[in-house]
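coords-v7.cif (mmCIF, C-alpha atoms) appears below.
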```
data_my_file
loop_
_atom_site.label_atom_id
_atom_site.label_comp_id
_atom_site.auth_asym_id
_atom_site.auth_seq_id
_atom_site.Cartn_x
_atom_site.Cartn_y
_atom_site.Cartn_z
CA MET A 1163 -19.13 -30.92 16.01
CA ASP A 1164 -20.35 -30.81 12.43
CA ASN A 1165 -18.99 -28.29 9.93
CA LYS A 1166 -21.78 -25.81 10.58
CA GLU A 1167 -20.97 -25.78 14.29
CA ARG A 1168 -17.24 -25.48 13.67
CA ILE A 1169 -17.81 -22.47 11.41
CA ALA A 1170 -20.16 -20.89 13.95
CA ALA A 1171 -17.51 -21.29 16.67
CA ILE A 1172 -14.97 -19.52 14.48
CA VAL A 1173 -17.35 -16.67 13.68
CA ARG A 1174 -18.03 -16.24 17.41
CA LYS A 1175 -14.31 -16.21 18.14
CA VAL A 1176 -13.33 -13.76 15.38
CA SER A 1177 -16.29 -11.44 15.96
CA ASN A 1178 -15.82 -11.63 19.73
CA ASN A 1179 -19.58 -11.95 19.93
CA SER A 1180 -21.50 -14.85 21.44
CA ALA A 1181 -24.47 -14.21 19.16
CA LEU A 1182 -24.65 -15.32 15.54
CA PRO A 1183 -26.28 -13.89 12.42
CA ASP A 1184 -28.70 -15.99 10.39
CA PRO A 1185 -26.79 -18.54 8.29
CA ASP A 1186 -27.54 -16.72 5.03
CA GLU A 1187 -27.07 -13.22 6.40
CA SER A 1188 -23.94 -11.26 5.46
CA LEU A 1189 -21.39 -11.37 8.26
CA PHE A 1190 -20.27 -7.91 7.20
CA ASP A 1191 -23.51 -6.10 6.45
CA SER A 1192 -24.92 -7.43 9.74
CA GLY A 1193 -21.99 -5.84 11.58
CA PHE A 1194 -20.57 -9.08 12.98
CA LEU A 1195 -17.28 -8.65 11.11
CA ASP A 1196 -15.45 -5.73 9.54
CA SER A 1197 -13.06 -5.85 6.61
CA PHE A 1198 -10.02 -6.28 8.84
CA ALA A 1199 -11.57 -9.30 10.57
CA LEU A 1200 -11.83 -11.13 7.24
CA PRO A 1201 -8.13 -12.15 7.12
CA ASP A 1202 -8.48 -13.45 10.70
CA LEU A 1203 -11.57 -15.43 9.70
CA VAL A 1204 -9.68 -17.03 6.80
CA CYS A 1205 -6.70 -17.91 9.05
CA GLU A 1206 -8.98 -19.53 11.61
CA LEU A 1207 -10.80 -21.53 8.94
CA GLU A 1208 -7.48 -22.78 7.55
CA ARG A 1209 -6.37 -23.82 11.02
CA GLU A 1210 -9.62 -25.49 12.01
CA PHE A 1211 -10.12 -27.38 8.76
CA GLY A 1212 -6.44 -28.11 8.11
CA ILE A 1213 -6.43 -26.60 4.63
CA LYS A 1214 -4.50 -23.88 2.83
CA ILE A 1215 -6.87 -21.56 1.00
CA PRO A 1216 -5.08 -20.37 -2.14
CA ASP A 1217 -4.88 -16.64 -2.87
CA SER A 1218 -6.98 -17.22 -6.00
CA ASP A 1219 -9.86 -18.35 -3.75
CA LEU A 1220 -9.64 -15.33 -1.48
CA ASN A 1221 -12.77 -13.78 -2.88
CA PRO A 1222 -14.75 -12.10 -0.09
CA ARG A 1223 -17.99 -13.42 -1.58
CA LYS A 1224 -16.94 -16.95 -0.62
CA PHE A 1225 -16.85 -15.85 3.01
CA GLU A 1226 -19.87 -13.54 2.99
CA SER A 1227 -22.13 -15.73 5.16
CA MET A 1228 -21.86 -18.92 7.20
CA THR A 1229 -23.73 -20.81 4.49
CA ARG A 1230 -21.29 -19.63 1.83
CA ILE A 1231 -18.31 -20.50 4.00
CA GLN A 1232 -19.68 -24.00 4.55
CA SER A 1233 -20.34 -24.42 0.85
CA TYR A 1234 -16.81 -23.35 -0.04
CA LEU A 1235 -15.12 -25.50 2.58
CA GLU A 1236 -17.14 -28.59 1.65
CA SER A 1237 -16.15 -28.06 -2.00
CA ARG A 1238 -12.54 -28.37 -0.85
CA MET A 1239 -13.05 -31.60 1.11
CA MET B 426 26.04 -2.46 -7.39
CA ALA B 427 23.01 -0.19 -7.04
CA ALA B 428 22.51 2.14 -4.13
CA ILE B 429 20.20 4.81 -2.77
CA ARG B 430 21.70 8.30 -2.65
CA GLY B 431 18.80 10.21 -1.19
CA PHE B 432 15.07 10.83 -0.92
CA GLY B 433 12.86 13.88 -1.20
CA ALA B 434 9.21 14.73 -0.70
CA TYR B 435 6.67 17.42 -1.39
CA LEU B 436 3.41 17.85 0.51
CA PRO B 437 0.84 20.51 -0.44
CA SER B 438 0.19 23.07 2.28
CA ARG B 439 -3.57 22.63 2.66
CA VAL B 440 -4.41 20.36 5.61
CA VAL B 441 -7.79 18.62 5.44
CA THR B 442 -8.96 17.25 8.78
CA ASN B 443 -11.30 14.35 9.47
CA ALA B 444 -13.78 16.83 10.90
CA GLU B 445 -13.92 18.70 7.58
CA LEU B 446 -14.48 15.50 5.60
CA ALA B 447 -16.88 13.98 8.12
CA ALA B 448 -19.23 16.92 7.66
CA ARG B 449 -19.24 16.36 3.88
CA LEU B 450 -19.57 12.58 4.11
CA ASP B 451 -22.14 12.45 6.90
CA CYS B 452 -19.99 10.32 9.20
CA GLU B 453 -18.09 10.69 12.47
CA SER B 454 -14.51 11.98 12.37
CA GLY B 455 -13.59 9.40 15.02
CA TRP B 456 -14.84 6.63 12.74
CA ILE B 457 -12.40 7.71 10.02
CA LEU B 458 -9.52 7.52 12.50
CA ASP B 459 -10.65 4.10 13.79
CA VAL B 460 -10.92 2.44 10.39
CA SER B 461 -7.78 3.93 8.88
CA GLY B 462 -5.47 5.51 11.44
CA ILE B 463 -5.73 8.78 9.48
CA GLU B 464 -6.29 12.12 11.23
CA GLU B 465 -5.59 14.50 8.38
CA ARG B 466 -4.31 14.60 4.82
CA ARG B 467 -3.00 17.23 2.40
CA TYR B 468 -4.91 18.44 -0.65
CA ALA B 469 -3.19 20.13 -3.57
CA ALA B 470 -4.36 23.54 -4.74
CA PRO B 471 -6.39 23.60 -7.97
CA ASP B 472 -3.33 24.84 -9.90
CA GLU B 473 -0.96 22.22 -8.45
CA SER B 474 -0.44 19.33 -10.85
CA VAL B 475 0.93 15.81 -10.54
CA ALA B 476 3.95 16.91 -12.56
CA GLY B 477 4.48 20.06 -10.49
CA MET B 478 4.43 18.18 -7.18
CA GLY B 479 6.69 15.50 -8.64
CA ALA B 480 9.23 18.09 -9.78
CA ALA B 481 9.25 19.69 -6.32
CA ALA B 482 9.94 16.33 -4.65
CA ALA B 483 12.63 15.56 -7.22
CA GLN B 484 14.38 18.86 -6.58
CA GLN B 485 14.45 18.23 -2.85
CA CYS B 486 15.79 14.72 -3.48
CA LEU B 487 18.62 15.96 -5.70
CA GLU B 488 19.54 18.63 -3.17
CA SER B 489 19.55 16.03 -0.39
CA ALA B 490 21.78 13.75 -2.47
CA GLY B 491 24.04 16.58 -3.60
CA VAL B 492 23.64 15.61 -7.23
CA PRO B 493 22.93 18.21 -9.96
CA ALA B 494 20.06 17.52 -12.34
CA SER B 495 22.57 17.47 -15.18
CA ASP B 496 24.04 14.23 -13.76
CA VAL B 497 20.72 12.31 -13.92
CA GLY B 498 20.66 9.72 -16.69
CA MET B 499 17.06 8.60 -16.52
CA ILE B 500 13.74 9.42 -14.84
CA LEU B 501 11.04 6.95 -13.82
CA VAL B 502 7.71 8.45 -12.72
CA SER B 503 4.91 6.55 -11.03
CA SER B 504 1.41 7.95 -10.85
CA GLY B 505 -2.07 6.49 -10.87
CA SER B 506 -3.73 9.88 -10.79
CA SER B 507 -2.22 11.84 -13.67
CA GLU B 508 -4.61 14.32 -15.20
CA ARG B 509 -4.65 12.93 -18.73
CA ARG B 510 -4.27 9.73 -20.72
CA PHE B 511 -1.05 10.94 -22.36
CA PRO B 512 1.55 12.22 -22.13
CA GLY B 513 2.15 11.10 -18.57
CA PRO B 514 3.93 13.40 -16.13
CA ALA B 515 7.45 12.02 -16.68
CA SER B 516 8.50 14.19 -19.60
CA GLU B 517 6.93 17.28 -18.03
CA ILE B 518 8.83 16.68 -14.80
CA ALA B 519 12.05 16.20 -16.77
CA HIS B 520 11.41 19.49 -18.54
CA ALA B 521 10.71 21.29 -15.25
CA LEU B 522 14.02 20.01 -13.91
CA GLY B 523 15.90 21.17 -17.00
CA MET B 524 16.49 17.62 -18.18
CA ASP B 525 15.14 17.80 -21.73
CA GLY B 526 16.62 14.93 -23.70
CA VAL B 527 16.94 12.62 -20.70
CA PRO B 528 14.73 9.50 -21.10
CA ALA B 529 11.67 9.87 -18.87
CA LEU B 530 9.42 6.85 -18.39
CA ASP B 531 5.90 6.72 -16.92
CA LEU B 532 4.77 3.83 -14.73
CA PRO B 533 1.01 4.19 -14.18
CA ILE B 534 0.92 1.72 -11.29
CA ALA B 535 -1.23 3.03 -8.44
CA SER B 536 0.22 2.49 -4.96
CA ALA B 537 2.91 -0.02 -5.94
CA GLY B 538 4.58 1.97 -8.73
CA SER B 539 7.29 3.59 -6.61
CA LEU B 540 8.69 0.29 -5.40
CA PHE B 541 8.51 -1.19 -8.90
CA ALA B 542 10.39 1.89 -10.16
CA MET B 543 13.05 1.57 -7.45
CA SER B 544 13.61 -2.04 -8.42
CA LEU B 545 13.85 -1.14 -12.11
CA ALA B 546 16.16 1.76 -11.29
CA ALA B 547 18.50 -0.61 -9.46
CA SER B 548 18.95 -2.53 -12.72
CA LEU B 549 18.96 0.52 -14.99
CA SER B 550 21.59 2.34 -12.94
CA ALA B 551 24.21 0.08 -14.50
CA VAL B 552 23.48 1.82 -17.80
CA HIS B 553 22.19 5.27 -16.81
CA ARG B 554 24.15 5.70 -13.54
CA ASN B 555 21.85 8.16 -11.71
CA VAL B 556 18.22 7.13 -12.07
CA LEU B 557 15.68 9.46 -10.49
CA VAL B 558 12.52 7.73 -9.24
CA ILE B 559 9.51 9.95 -8.62
CA ALA B 560 5.97 9.17 -7.48
CA SER B 561 3.34 11.88 -7.49
CA GLU B 562 -0.37 11.64 -6.80
CA LYS B 563 -3.28 14.06 -6.76
CA MET B 564 -5.84 11.72 -5.25
CA SER B 565 -8.08 14.58 -4.04
CA ALA B 566 -9.19 15.23 -7.61
CA ILE B 567 -10.28 11.60 -7.91
CA VAL B 568 -12.04 11.10 -4.60
CA ALA B 569 -13.98 14.33 -5.19
CA ARG B 570 -15.85 12.67 -8.05
CA GLU B 571 -19.50 11.99 -7.27
CA PRO B 572 -20.83 9.94 -5.66
CA LEU B 573 -18.59 10.56 -2.65
CA GLU B 574 -17.93 7.28 -0.86
CA ARG B 575 -17.34 7.51 2.89
CA GLY B 576 -15.34 4.28 2.71
CA VAL B 577 -12.99 5.74 0.07
CA ALA B 578 -12.82 9.55 0.14
CA PRO B 579 -11.30 9.99 3.65
CA LEU B 580 -8.47 7.56 2.97
CA PHE B 581 -6.57 9.50 0.35
CA GLY B 582 -4.34 12.55 0.20
CA ASP B 583 -1.98 14.28 -2.20
CA GLY B 584 1.79 14.46 -2.32
CA ALA B 585 4.96 13.39 -4.08
CA GLY B 586 8.16 11.59 -3.20
CA ALA B 587 11.44 10.93 -4.94
CA CYS B 588 14.46 8.65 -4.63
CA LEU B 589 17.81 8.82 -6.39
CA VAL B 590 19.19 5.39 -7.27
CA SER B 591 22.77 5.27 -8.43
CA THR B 592 25.81 3.06 -8.77
CA GLU B 593 27.08 4.33 -5.43
CA GLY B 594 25.52 5.68 -2.27
CA PRO B 595 25.17 5.21 1.46
CA VAL B 596 22.47 2.51 1.23
CA ARG B 597 23.07 -0.50 -1.01
CA ILE B 598 20.09 -2.10 -2.77
CA VAL B 599 20.51 -5.81 -2.04
CA ASP B 600 17.58 -7.50 -3.74
CA SER B 601 13.90 -7.14 -4.63
CA VAL B 602 10.87 -9.25 -5.47
CA LEU B 603 8.05 -8.04 -7.70
CA HIS B 604 4.75 -9.78 -8.40
CA SER B 605 1.62 -9.07 -10.43
CA ASP B 606 -1.69 -10.93 -10.69
CA GLY B 607 -4.64 -9.65 -12.71
CA SER B 608 -7.18 -12.05 -11.17
CA PHE B 609 -8.58 -9.27 -9.02
CA ALA B 610 -7.95 -6.33 -11.36
CA GLN B 611 -11.61 -5.25 -11.05
CA ASP B 612 -11.37 -4.90 -7.27
CA LEU B 613 -9.33 -1.69 -7.32
CA ARG B 614 -9.65 0.40 -10.44
CA LEU B 615 -10.10 3.88 -11.82
CA GLU B 616 -11.94 4.26 -15.10
CA PHE B 617 -11.55 7.51 -17.03
CA GLY B 618 -13.67 10.25 -15.48
CA ALA B 619 -15.25 7.82 -13.01
CA PRO B 620 -14.95 7.58 -9.22
CA LEU B 621 -12.41 5.20 -7.71
CA GLU B 622 -13.84 1.67 -7.42
CA MET B 623 -12.49 -0.27 -4.47
CA ASN B 624 -13.62 -3.60 -3.04
CA GLY B 625 -12.10 -2.92 0.35
CA ARG B 626 -12.59 -6.47 1.66
CA SER B 627 -10.80 -7.98 -1.30
CA VAL B 628 -7.95 -5.46 -1.15
CA ILE B 629 -7.41 -6.02 2.57
CA LEU B 630 -7.67 -9.78 2.27
CA GLN B 631 -5.16 -9.97 -0.58
CA ALA B 632 -2.79 -7.34 0.80
CA SER B 633 -2.70 -8.82 4.28
CA ARG B 634 -1.50 -12.09 2.79
CA LYS B 635 0.63 -10.98 -0.17
CA ILE B 636 2.72 -8.30 1.58
CA PRO B 637 4.04 -10.59 4.35
CA SER B 638 4.53 -13.31 1.74
CA ALA B 639 6.67 -11.05 -0.49
CA ILE B 640 8.70 -9.80 2.46
CA GLY B 641 9.18 -13.37 3.67
CA GLU B 642 10.26 -14.55 0.21
CA LEU B 643 12.78 -11.69 -0.04
CA LEU B 644 14.23 -12.09 3.43
CA GLU B 645 14.41 -15.87 3.25
CA ARG B 646 16.46 -15.88 0.07
CA ASN B 647 18.78 -13.30 1.64
CA GLU B 648 19.00 -15.35 4.85
CA LYS B 649 17.68 -12.59 7.09
CA PRO B 650 14.89 -13.12 9.63
CA PRO B 651 12.30 -10.32 9.87
CA SER B 652 13.63 -9.55 13.34
CA ALA B 653 16.96 -8.48 11.76
CA VAL B 654 15.31 -5.68 9.75
CA LYS B 655 15.71 -2.34 11.53
CA VAL B 656 12.98 -0.51 9.69
CA PHE B 657 10.13 -1.49 7.38
CA LEU B 658 9.10 1.26 4.98
CA MET B 659 5.72 0.27 3.60
CA HIS B 660 3.10 1.81 1.35
CA GLN B 661 1.04 3.89 3.76
CA ALA B 662 -2.35 2.44 2.86
CA ASN B 663 -3.93 1.94 6.25
CA GLN B 664 -2.51 1.75 9.78
CA ASN B 665 -4.54 -1.38 10.50
CA LEU B 666 -2.95 -3.09 7.50
CA MET B 667 0.58 -2.14 8.57
CA ASP B 668 -0.11 -3.46 12.07
CA ARG B 669 -1.43 -6.69 10.59
CA VAL B 670 1.66 -7.16 8.40
CA ALA B 671 3.88 -6.60 11.44
CA ARG B 672 1.96 -9.27 13.36
CA ALA B 673 2.22 -11.71 10.46
CA LEU B 674 6.01 -11.22 10.43
CA GLN B 675 6.13 -11.41 14.23
CA VAL B 676 7.92 -8.07 14.56
CA ASP B 677 6.93 -5.13 16.70
CA ALA B 678 4.69 -2.65 14.88
CA SER B 679 7.07 0.15 15.91
CA ARG B 680 9.54 -1.19 13.30
CA PHE B 681 7.07 -0.09 10.60
CA TYR B 682 7.63 3.61 9.93
CA SER B 683 4.27 5.34 9.79
CA ASN B 684 3.15 8.82 8.83
CA ILE B 685 -0.32 7.88 7.63
CA ARG B 686 -1.89 9.77 10.53
CA ARG B 687 -0.73 13.06 8.95
CA TYR B 688 -0.93 12.40 5.21
CA GLY B 689 -3.40 9.56 4.60
CA ASN B 690 -2.87 7.23 1.68
CA THR B 691 -1.01 9.11 -1.06
CA SER B 692 -0.99 6.01 -3.28
CA SER B 693 2.37 5.38 -4.95
CA ALA B 694 3.88 8.54 -3.42
CA SER B 695 3.38 7.31 0.13
CA LEU B 696 6.34 4.92 0.20
CA LEU B 697 8.77 7.62 -0.91
CA ILE B 698 7.29 10.31 1.33
CA ALA B 699 7.67 7.97 4.31
CA ALA B 700 11.21 7.10 3.22
CA ALA B 701 12.14 10.77 2.83
CA GLU B 702 10.96 11.56 6.36
CA TRP B 703 12.73 8.51 7.78
CA TRP B 704 15.90 9.41 5.81
CA ARG B 705 15.98 12.83 7.50
CA ASP B 706 15.27 11.46 10.97
CA PRO B 707 16.47 9.01 12.20
CA GLY B 708 17.98 7.92 8.86
CA PRO B 709 20.11 4.91 8.02
CA ARG B 710 22.67 3.65 10.51
CA ALA B 711 25.70 1.60 9.51
CA GLY B 712 24.85 -1.98 8.67
CA ASP B 713 21.09 -1.60 9.15
CA PRO B 714 18.92 -3.77 6.88
CA ILE B 715 15.94 -1.79 5.54
CA CYS B 716 12.91 -3.42 3.95
CA PHE B 717 10.53 -1.61 1.60
CA ALA B 718 7.16 -3.19 0.76
CA THR B 719 4.10 -2.31 -1.23
CA PHE B 720 0.79 -3.51 -2.65
CA GLY B 721 -1.51 -1.84 -5.12
CA ALA B 722 -4.03 -1.95 -7.93
CA GLY B 723 -3.49 -4.68 -10.47
CA PHE B 724 -2.75 -6.34 -8.13
CA HIS B 725 0.97 -5.50 -8.06
CA TRP B 726 3.04 -6.08 -4.94
CA GLY B 727 6.62 -6.54 -3.89
CA ALA B 728 9.43 -5.88 -1.48
CA LEU B 729 12.94 -4.48 -1.69
CA LEU B 730 15.83 -5.07 0.68
CA ALA B 731 18.51 -2.45 1.22
CA GLU B 732 21.40 -2.19 3.65
CA ALA B 733 23.20 0.86 5.00
CA ALA B 734 26.93 0.79 4.41
CA SER B 735 29.02 -0.27 7.40
#
```

Take the structure in the file and write it out as structure tokens.
Amino acid sequence: MDNKERIAAIVRKVSNNSALPDPDESLFDSGFLDSFALPDLVCELEREFGIKIPDSDLNPRKFESMTRIQSYLESRM
Amino acid sequence: MAAIRGFGAYLPSRVVTNAELAARLDCESGWILDVSGIEERRYAAPDESVAGMGAAAAQQCLESAGVPASDVGMILVSSGSSERRFPGPASEIAHALGMDGVPALDLPIASAGSLFAMSLAASLSAVHRNVLVIASEKMSAIVAREPLERGVAPLFGDGAGACLVSTEGPVRIVDSVLHSDGSFAQDLRLEFGAPLEMNGRSVILQASRKIPSAIGELLERNEKPPSAVKVFLMHQANQNLMDRVARALQVDASRFYSNIRRYGNTSSASLLIAAAEWWRDPGPRAGDPICFATFGAGFHWGALLAEAAS
């Protein structure tokens, strides 16, 4: 799986929804995730990509959409 | 050695239900309960002030501890909702308690101020012996500011709590950790005369990581696993957050004392109100480790470990 597919799998798992929003669409405004799912999303990303996201990077904007998540993670690789 | 001698609390009499707020905010009352765990909160009367509620909680605390006001050597008052820029409520509370001349210090740290004050009091008790910690909040006056936000207004309530820290008492203060980080200061703030600004996603994301981290740091250096703690007394911000912290520490959520369903988030007062209720029933049992934890605007966060005397 490429990074985009890995992120999509995590969003499906955390949202408990087999559908996906558009890559640039807000995961929150679209209703796929609520505020309390965001910490779960971050934990799953850390586990899947084998990284520790520092508290200073825990800005919700970095995790707003699948495109933004991919951009952030690839900046860490 | 510093110790806790007692707690006290004051809650205004007016109960505001989700149904009442839902009608004003154009949302479902069940939605408020789902996102916060809150069913009702208390609102102060127009003539009830931060200082007045704080003095009432302090009086109950002193009565519970059996200590006269004349024996208090210092007062620390936390509030993020005081009615004016200065003076803060500390000196007014001291005056109401007949303690003119006793040093009275304000700590304007929303949500986390009570735990910061307890930690400071533990150190200051060596000099001032009986240090009275008070947290009082009139959040209803703030969340009433237009525009009303359905994601903010239902969360908050009013009330006050107090704790007497001394050189002796039934619950020894073992250790504490305090942290502050201004990187996200804009994400939870109250400008003068403006509505409360809260980036809920940021607050939840940071709190859900920093609270378990602070508790873990504190317990690890005191060689206690989370499972050894009999009760966690946490800032009553949101039931979902408390449940998440419990999961992160791998302890049952029932170990986290909760009264948020009845009072909502009373900011810095919530920790002491919860502690006062727990102190009355079931209260500390010999040898029990007790962990306090908080997180608030700033961000400021921390944890405090106490232990009931054997």

> Written as a PyMOL selection string, what is the full residue list that the PyMOL selection byres ((chain A and resi 1225-1235) around 10) yields on the file shown?
Replying inline: chain A and resi 1165-1170+1173+1182-1192+1195+1200+1203-1204+1207-1208+1211+1213+1215+1219-1224+1236-1239

Writer output for current selection, C-alpha atoms, as a PDB file, in the frame of the given file:
```pdb
ATOM      1  CA  ASN A1165     -18.990 -28.290   9.930  1.00  0.00           C
ATOM      2  CA  LYS A1166     -21.780 -25.810  10.580  1.00  0.00           C
ATOM      3  CA  GLU A1167     -20.970 -25.780  14.290  1.00  0.00           C
ATOM      4  CA  ARG A1168     -17.240 -25.480  13.670  1.00  0.00           C
ATOM      5  CA  ILE A1169     -17.810 -22.470  11.410  1.00  0.00           C
ATOM      6  CA  ALA A1170     -20.160 -20.890  13.950  1.00  0.00           C
ATOM      7  CA  VAL A1173     -17.350 -16.670  13.680  1.00  0.00           C
ATOM      8  CA  LEU A1182     -24.650 -15.320  15.540  1.00  0.00           C
ATOM      9  CA  PRO A1183     -26.280 -13.890  12.420  1.00  0.00           C
ATOM     10  CA  ASP A1184     -28.700 -15.990  10.390  1.00  0.00           C
ATOM     11  CA  PRO A1185     -26.790 -18.540   8.290  1.00  0.00           C
ATOM     12  CA  ASP A1186     -27.540 -16.720   5.030  1.00  0.00           C
ATOM     13  CA  GLU A1187     -27.070 -13.220   6.400  1.00  0.00           C
ATOM     14  CA  SER A1188     -23.940 -11.260   5.460  1.00  0.00           C
ATOM     15  CA  LEU A1189     -21.390 -11.370   8.260  1.00  0.00           C
ATOM     16  CA  PHE A1190     -20.270  -7.910   7.200  1.00  0.00           C
ATOM     17  CA  ASP A1191     -23.510  -6.100   6.450  1.00  0.00           C
ATOM     18  CA  SER A1192     -24.920  -7.430   9.740  1.00  0.00           C
ATOM     19  CA  LEU A1195     -17.280  -8.650  11.110  1.00  0.00           C
ATOM     20  CA  LEU A1200     -11.830 -11.130   7.240  1.00  0.00           C
ATOM     21  CA  LEU A1203     -11.570 -15.430   9.700  1.00  0.00           C
ATOM     22  CA  VAL A1204      -9.680 -17.030   6.800  1.00  0.00           C
ATOM     23  CA  LEU A1207     -10.800 -21.530   8.940  1.00  0.00           C
ATOM     24  CA  GLU A1208      -7.480 -22.780   7.550  1.00  0.00           C
ATOM     25  CA  PHE A1211     -10.120 -27.380   8.760  1.00  0.00           C
ATOM     26  CA  ILE A1213      -6.430 -26.600   4.630  1.00  0.00           C
ATOM     27  CA  ILE A1215      -6.870 -21.560   1.000  1.00  0.00           C
ATOM     28  CA  ASP A1219      -9.860 -18.350  -3.750  1.00  0.00           C
ATOM     29  CA  LEU A1220      -9.640 -15.330  -1.480  1.00  0.00           C
ATOM     30  CA  ASN A1221     -12.770 -13.780  -2.880  1.00  0.00           C
ATOM     31  CA  PRO A1222     -14.750 -12.100  -0.090  1.00  0.00           C
ATOM     32  CA  ARG A1223     -17.990 -13.420  -1.580  1.00  0.00           C
ATOM     33  CA  LYS A1224     -16.940 -16.950  -0.620  1.00  0.00           C
ATOM     34  CA  GLU A1236     -17.140 -28.590   1.650  1.00  0.00           C
ATOM     35  CA  SER A1237     -16.150 -28.060  -2.000  1.00  0.00           C
ATOM     36  CA  ARG A1238     -12.540 -28.370  -0.850  1.00  0.00           C
ATOM     37  CA  MET A1239     -13.050 -31.600   1.110  1.00  0.00           C
TER      38      MET A1239
END
```

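Proximity ranking of B:Val654, B:Ser608, B:Ala542, B:Ala483 relative to Ala521 in chain B places B:Ala483 first, based on all atoms listed in the file.
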
How close does each residue of chain B get to chain A, giving the shortest atom pair and distance in Å to one decimal for every residue with an atom at most 7 Å away, counting all atoms listed in the file, sorted by chain and residue number, as a tab-separated table?
```
residue	atom	partner	partner_atom	distance
B:Gly625	CA	A:Ser1197	CA	7.0
B:Arg626	CA	A:Ser1197	CA	5.0
B:Ser627	CA	A:Pro1222	CA	5.8
B:Ile629	CA	A:Phe1198	CA	6.8
B:Leu630	CA	A:Pro1201	CA	5.4
B:Ser633	CA	A:Pro1201	CA	7.0
```

> Which residues match the PyMOL selection byres ((chain B and resi 668-683) around 9) in the file above, as an NGL selection string?
Replying inline: (:A and (1198)) or (:B and (632-634 or 636-637 or 640-641 or 651-652 or 654-659 or 661 or 663-667 or 684-686 or 699-700 or 703))

> Skipping near chain neighbours, those fewer than 5 positions away, what residues fall within 6 Å of range 718-733 of chain B using all atoms listed in the file, listed as a list in words?
Replying inline: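 My list of contacting residues is Ala535, Ser536, Ala537, Pro595, Val596, Arg597, Ile598, Val599, Asp600, Ser601, Val602, Leu603, His604, Ser605, Asp606, Gly607, Ala610, Leu613, Ala639, Ile640, Met659, His660, Pro709, Ala711, Gly712 and Asp713 of chain B.
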
Those same residues - C-alpha atoms - I'd like them written as a short mmCIF file (atom, residue, chain, number, x, y, z; two decimals), in the frame of the given file.
```cif
data_model
loop_
_atom_site.label_atom_id
_atom_site.label_comp_id
_atom_site.auth_asym_id
_atom_site.auth_seq_id
_atom_site.Cartn_x
_atom_site.Cartn_y
_atom_site.Cartn_z
CA ALA B 535 -1.23 3.03 -8.44
CA SER B 536 0.22 2.49 -4.96
CA ALA B 537 2.91 -0.02 -5.94
CA PRO B 595 25.17 5.21 1.46
CA VAL B 596 22.47 2.51 1.23
CA ARG B 597 23.07 -0.50 -1.01
CA ILE B 598 20.09 -2.10 -2.77
CA VAL B 599 20.51 -5.81 -2.04
CA ASP B 600 17.58 -7.50 -3.74
CA SER B 601 13.90 -7.14 -4.63
CA VAL B 602 10.87 -9.25 -5.47
CA LEU B 603 8.05 -8.04 -7.70
CA HIS B 604 4.75 -9.78 -8.40
CA SER B 605 1.62 -9.07 -10.43
CA ASP B 606 -1.69 -10.93 -10.69
CA GLY B 607 -4.64 -9.65 -12.71
CA ALA B 610 -7.95 -6.33 -11.36
CA LEU B 613 -9.33 -1.69 -7.32
CA ALA B 639 6.67 -11.05 -0.49
CA ILE B 640 8.70 -9.80 2.46
CA MET B 659 5.72 0.27 3.60
CA HIS B 660 3.10 1.81 1.35
CA PRO B 709 20.11 4.91 8.02
CA ALA B 711 25.70 1.60 9.51
CA GLY B 712 24.85 -1.98 8.67
CA ASP B 713 21.09 -1.60 9.15
#
```

>> Residues within 9 Å of Gly455 in chain B, please, as a ChimeraX atom specification. Count only C-alpha atoms; anything in the same chain fewer than 4 positions from it doesn't count.
In response: /B:443-444,447,459-460,464

>> I'd like the interatomic distance between CA of Leu446 in chain B and CA of Ala619 in chain B, to a tenth of an Å.
In response: 20.1 Å
